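Asker: This is coords-v1.cif, which holds mmCIF, C-alpha atoms:
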```
data_work
loop_
_atom_site.label_atom_id
_atom_site.label_comp_id
_atom_site.auth_asym_id
_atom_site.auth_seq_id
_atom_site.Cartn_x
_atom_site.Cartn_y
_atom_site.Cartn_z
CA MET E 1 6.91 243.79 223.57
CA PHE E 2 10.25 241.96 223.54
CA LEU E 3 11.82 241.31 220.15
CA PRO E 4 15.19 239.55 219.83
CA THR E 5 18.24 241.14 218.24
CA PRO E 6 18.15 240.45 214.47
CA MET E 7 20.65 238.15 212.82
CA LEU E 8 22.48 240.15 210.16
CA ALA E 9 24.31 238.65 207.20
CA THR E 10 28.09 238.48 207.56
CA ALA E 11 30.83 237.54 205.14
CA GLY E 12 32.27 234.07 205.54
CA PRO E 13 33.72 231.13 203.65
CA ALA E 14 31.58 229.10 201.26
CA PRO E 15 30.73 225.56 202.41
CA ASP E 16 33.29 222.95 201.38
CA ASP E 17 30.79 220.99 199.29
CA ALA E 18 29.47 224.06 197.42
CA ASP E 19 30.44 225.19 193.95
CA THR E 20 33.41 227.36 194.92
CA ARG E 21 32.70 229.85 192.12
CA TYR E 22 29.72 231.27 194.00
CA ALA E 23 28.80 232.22 197.55
CA LEU E 24 25.82 234.52 197.98
CA GLU E 25 22.66 235.40 199.84
CA TRP E 26 19.60 236.01 197.68
CA LYS E 27 18.01 239.44 198.00
CA TYR E 28 14.29 239.53 197.48
CA ASP E 29 12.51 242.85 197.13
CA GLY E 30 10.69 243.69 200.31
CA ILE E 31 11.38 244.45 203.93
CA ARG E 32 13.29 242.24 206.34
CA CYS E 33 11.87 242.70 209.81
CA LEU E 34 11.09 241.06 213.11
CA ALA E 35 7.44 240.57 214.03
CA GLY E 36 5.90 240.06 217.43
CA ILE E 37 2.34 239.62 218.72
CA SER E 38 1.25 240.85 222.13
CA ASP E 39 -2.31 241.18 223.42
CA GLY E 40 -3.60 240.40 219.92
CA ALA E 41 -1.64 243.21 218.26
CA CYS E 42 1.19 242.62 215.79
CA ARG E 43 4.24 244.89 215.69
CA MET E 44 6.93 244.77 213.01
CA VAL E 45 10.38 246.32 213.58
CA SER E 46 13.23 246.81 211.07
CA HIS E 47 16.75 245.59 211.85
CA ASN E 48 17.67 249.07 213.09
CA GLY E 49 14.67 249.37 215.40
CA ASN E 50 12.28 251.40 213.24
CA ASN E 51 8.60 250.55 213.61
CA VAL E 52 7.46 249.34 210.17
CA THR E 53 4.10 247.90 211.22
CA SER E 54 2.19 250.25 208.92
CA LEU E 55 4.07 248.81 205.92
CA GLY E 56 2.80 245.30 206.60
CA VAL E 57 -0.03 243.26 205.15
CA THR E 58 -3.52 244.24 206.22
CA ASP E 59 -6.56 242.03 206.76
CA THR E 60 -8.75 241.94 203.65
#
```
In structure tokens, what does this structure look like?
Answerer:
Amino acid sequence: MFLPTPMLATAGPAPDDADTRYALEWKYDGIRCLAGISDGACRMVSHNGNNVTSLGVTDT
């Protein structure tokens, strides 16, 4: 299954129209991953290539 290379956060300047006191990316608790579906199966992969499918949501 092909999954694209993840986009990782990088430091950069704040937008010109933003409050210049703050520039941030919110961090929510959880796992950031890429997900793909092939032949009816879902696979989730962390940004460093680890298979984290078993940590995902299950059908209830």
Asker: Interatomic distance between atom CA of Ala14 of chain E and atom CA of Ser46 of chain E?
Answerer: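 Answer for the atom CA of Ala14 of chain E to atom CA of Ser46 of chain E separation: 27.3 Å.
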Asker: Residues near Thr53 of chain E, anyone? I mean within 8 Å using all atoms listed in the file, not counting same-chain ones fewer than 6 positions away, as an NGL selection string.
Answerer: :E and (42-45)
Asker: Residues of the last selection are to be written out with C-alpha atoms, as a tab-separated table (two decimals), in the coordinates of the input.
Answerer:
```tsv
chain	number	residue	atom	x	y	z
E	42	CYS	CA	1.19	242.62	215.79
E	43	ARG	CA	4.24	244.89	215.69
E	44	MET	CA	6.93	244.77	213.01
E	45	VAL	CA	10.38	246.32	213.58
```
Asker: Under the PyMOL selection byres ((chain E and resi 2) around 12), which residues of this model are included? Write them out as a PDB file with C-alpha atoms, in the frame of the given file.
Answerer:
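Saved to result_34.pdb:
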```pdb
ATOM      1  CA  MET E   1       6.910 243.790 223.570  1.00  0.00           C
ATOM      2  CA  LEU E   3      11.820 241.310 220.150  1.00  0.00           C
ATOM      3  CA  PRO E   4      15.190 239.550 219.830  1.00  0.00           C
ATOM      4  CA  THR E   5      18.240 241.140 218.240  1.00  0.00           C
ATOM      5  CA  LEU E  34      11.090 241.060 213.110  1.00  0.00           C
ATOM      6  CA  ALA E  35       7.440 240.570 214.030  1.00  0.00           C
ATOM      7  CA  GLY E  36       5.900 240.060 217.430  1.00  0.00           C
ATOM      8  CA  ILE E  37       2.340 239.620 218.720  1.00  0.00           C
ATOM      9  CA  SER E  38       1.250 240.850 222.130  1.00  0.00           C
ATOM     10  CA  CYS E  42       1.190 242.620 215.790  1.00  0.00           C
ATOM     11  CA  ARG E  43       4.240 244.890 215.690  1.00  0.00           C
ATOM     12  CA  MET E  44       6.930 244.770 213.010  1.00  0.00           C
ATOM     13  CA  VAL E  45      10.380 246.320 213.580  1.00  0.00           C
ATOM     14  CA  GLY E  49      14.670 249.370 215.400  1.00  0.00           C
TER      15      GLY E  49
END
```
Asker: Report, in Å to a single decimal, how far apart atom CA of Cys33 of chain E and atom CA of Leu8 of chain E are.
Answerer: 10.9 Å
Asker: Atom CA of Arg32 of chain E and atom CA of His47 of chain E are how many Å apart?
Answerer: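 Between these atoms lies a distance of 7.3 Å.
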